[in-house]
2 protein chains.
Amino acid sequence: MTDEGAVLEALRDAILAGEFAAGQRLVEVDLCERFGCSRSAVRAAIPVLASEGLVDVQRHRGARVRVIPLSEAIEITEVRRLLEGLAAARAAERVTPAQAAGLEDIVAEMRVAVGAAELLRYSDANARLHARIRSIAAHDTATSMIERLRAQLVRHQFSVSLIPGRPAVSLAQHEQIVAAVVAHDPVAAEAAMRDHITSVIEALGSLAEEQAGAGRSAR
Amino acid sequence: MTDEGAVLEALRDAILAGEFAAGQRLVEVDLCERFGCSRSAVRAAIPVLASEGLVDVQRHRGARVRVIPLSEAIEITEVRRLLEGLAAARAAERVTPAQAAGLEDIVAEMRVAVGAAELLRYSDANARLHARIRSIAAHDTATSMIERLRAQLVRHQFSVSLIPGRPAVSLAQHEQIVAAVVAHDPVAAEAAMRDHITSVIEALGSLAEEQAGAGRSAR
DNA sequence: GTTAGAGAAATTGTCGCCAATATTGGCGAT
DNA sequence: ATCGCCAATATTGGCGACAATTTCTCTAAC
């Protein structure tokens with residue numbers, strides 16, 4: 001790992017995997033040791049992660065992993081609703097029979113995961129389904145923005161999927177999305193995707209209330 | 001200009017101002033001379049501009065200013081249509097009387113500019129109007145993405161505004177947008193903004209055809 | 001005349017050094 | 001005992017030098 005690109009990816013993956021505490025300070029020499037590279041590499045990587053919104057840098061104070069407040073997570077998801085809606089519509093226009101079968105396979109796997117209460121597997125299938133839809137849509141601009149936004153809220157996404165009863169609701173929504181895409185109905189696909197992400201926003205909102213309540217009771 | 005942030009901004013501004021030819025190679029030492037700084041600064045700035053989509057870097061080959069094909073400009077504008085629609089809707093919900101007056105002032109200036117056929121002034125007022133709407137919407141996530149997208153196609157925007165008759169059409173659309181925002185009608189504001197940007201997309205499409213035709217006749 | 005190859009030049013990638021700044025710990029005064 | 005100030009330390013910012021790679025150029029062979 002002597003080249004810059006590899007360090008960038010490794011550091012990004014580490015942040016996304018939650019290997020740093022929220023708001024933890026990223027000391028350059030520590031990262032050098034961790035990734036077995038010299039400071040140049042991490043110093044090249046950090047500004048990029050900053051421009052991706054993953055870390056926060058202050059002059060002469062170094063970088064910290066950026067902690068995204070729930071209010072911002074909601075904003076991000078509002079934007080994501082539009083972009084993923086666009087992707088769903090375009091996917092419905094362009095989907096081939098083989099791709100349609102692939103989507104239905106993933107939905108089938110989601111059903112199994114929900115039935116067996118395998119949260120991790122469901123969450124993985126969920127990510128794969130959305131990624132597949134993006135790939136079918138073949139809208140590079142929307143795709144790259146969606147991926148950037150998703151990266152910013154990996155932590156929040158996880159806590160949403162922990163809400164009791166959430167996977168069942170989410171499963172039904174995904175079934176609708178895929179049905180519309182497979183039926184080549186862009187309008188319905190966009191609407192279904194927006195409904196889905198709207199419910200994610202509502203879930204985030206309920207987390208916000210809960211959090212505020214906990215804050216009050218803790219005082 | 002010895003610090004990194006200043007170099008980043010200067011280089012970005014230079015690219016946005018069109019001071020480099022399309023696809024021109026950005027040699028590090030040249031930029032050092034130009035900005036009176038050492039290589040460290042430009043080497044820190046370039047990866048950031050790359051992640052903003054303004055330059056293209058290849059390992060051991062340096063950076064070039066990225067030239068955005070019309071097809072991608074259309075994709076970008078499709079995304080921008082969604083995001084600016086969101087901004088318009090939120091602006092309609094939040095606008096204060098003072099802000100409304102400010103919007104109408106800008107529209108009045110646009111009318112004058114169109115009447116006097118002052119293209120540059122119109123284009124400037126146009127940018128200010130959109131910026132003002134974003135600021136009223138107060139949606140940081142959408143705003144930063146819109147600004148990033150707009151930066152990527154400054155060149156194309158210019159060529160759209162050069163289409164004969166375009167300013168008059170555009171003016172009417174902006175009047176509708178502002179009317180809806182001032183009337184606190186988010187649905188109408190979003191629709192008006194989308195109509196406006198849809199017509200920009202169509203204008204880009206006609207440029208694409210023209211370009212294809214020119215390409216054929218040149219052969 | 002064209003093309004393949006070797007060498008030279010130019011450019012980028014990496015590293016270690018020193019300076020500038022922020023943070024921490026200790027000391028003394030109130 | 002607490003607060004404010006000052007030195008000590010840790011960390012980042014910037015610079016130059018050297019190594020690795022690409023690109024250009026000139027030569028020679030076909």
# chains A, B, ... in the order shown; residues from 1 in each chain; ligands from 1
>>> interface_residues(of="chain B", to="chain A", cutoff="7 Å", atoms="only C-alpha atoms", output="MDAnalysis selection string")
chainID B and resid 44 47:48 51 75:76 79 82 141:142
>>> closest_atom_pairs(of="chain A", to="chain D", cutoff="10 Å", atoms="only C-alpha atoms (C1' of nucleotides)", output="Markdown table")
| residue | atom | partner | partner_atom | distance |
| --- | --- | --- | --- | --- |
| A:Val27 | CA | D:DT11 | C1' | 7.7 |
| A:Glu28 | CA | D:DT11 | C1' | 8.3 |
| A:Val29 | CA | D:DT11 | C1' | 9.0 |
| A:Arg43 | CA | D:DT12 | C1' | 9.9 |
| A:Arg59 | CA | D:DT12 | C1' | 8.1 |
| A:His60 | CA | D:DT12 | C1' | 5.1 |
| A:Arg61 | CA | D:DT12 | C1' | 6.8 |
| A:Gly62 | CA | D:DT12 | C1' | 6.5 |
| A:Ala63 | CA | D:DT12 | C1' | 9.9 |
>>> atom_distance(atom1="CA of Glu190 in chain A", atom2="CA of Arg166 in chain A")
21.1 Å
>>> interface_residues(of="chain C", to="chain B", cutoff="10 Å", atoms="only C-alpha atoms (C1' of nucleotides)", output="list in words")
DT11, DT12 and DG13 of chain C
>>> atom_distance(atom1="CA of Ser170 in chain A", atom2="CA of Val200 in chain A")
8.6 Å
>>> select_by_dssp(residues="range 27-120 of chain A", states="alpha helix (DSSP H)", output="MDAnalysis selection string")
chainID A and resid 28:35 39:51 70:94 97:115 119:120
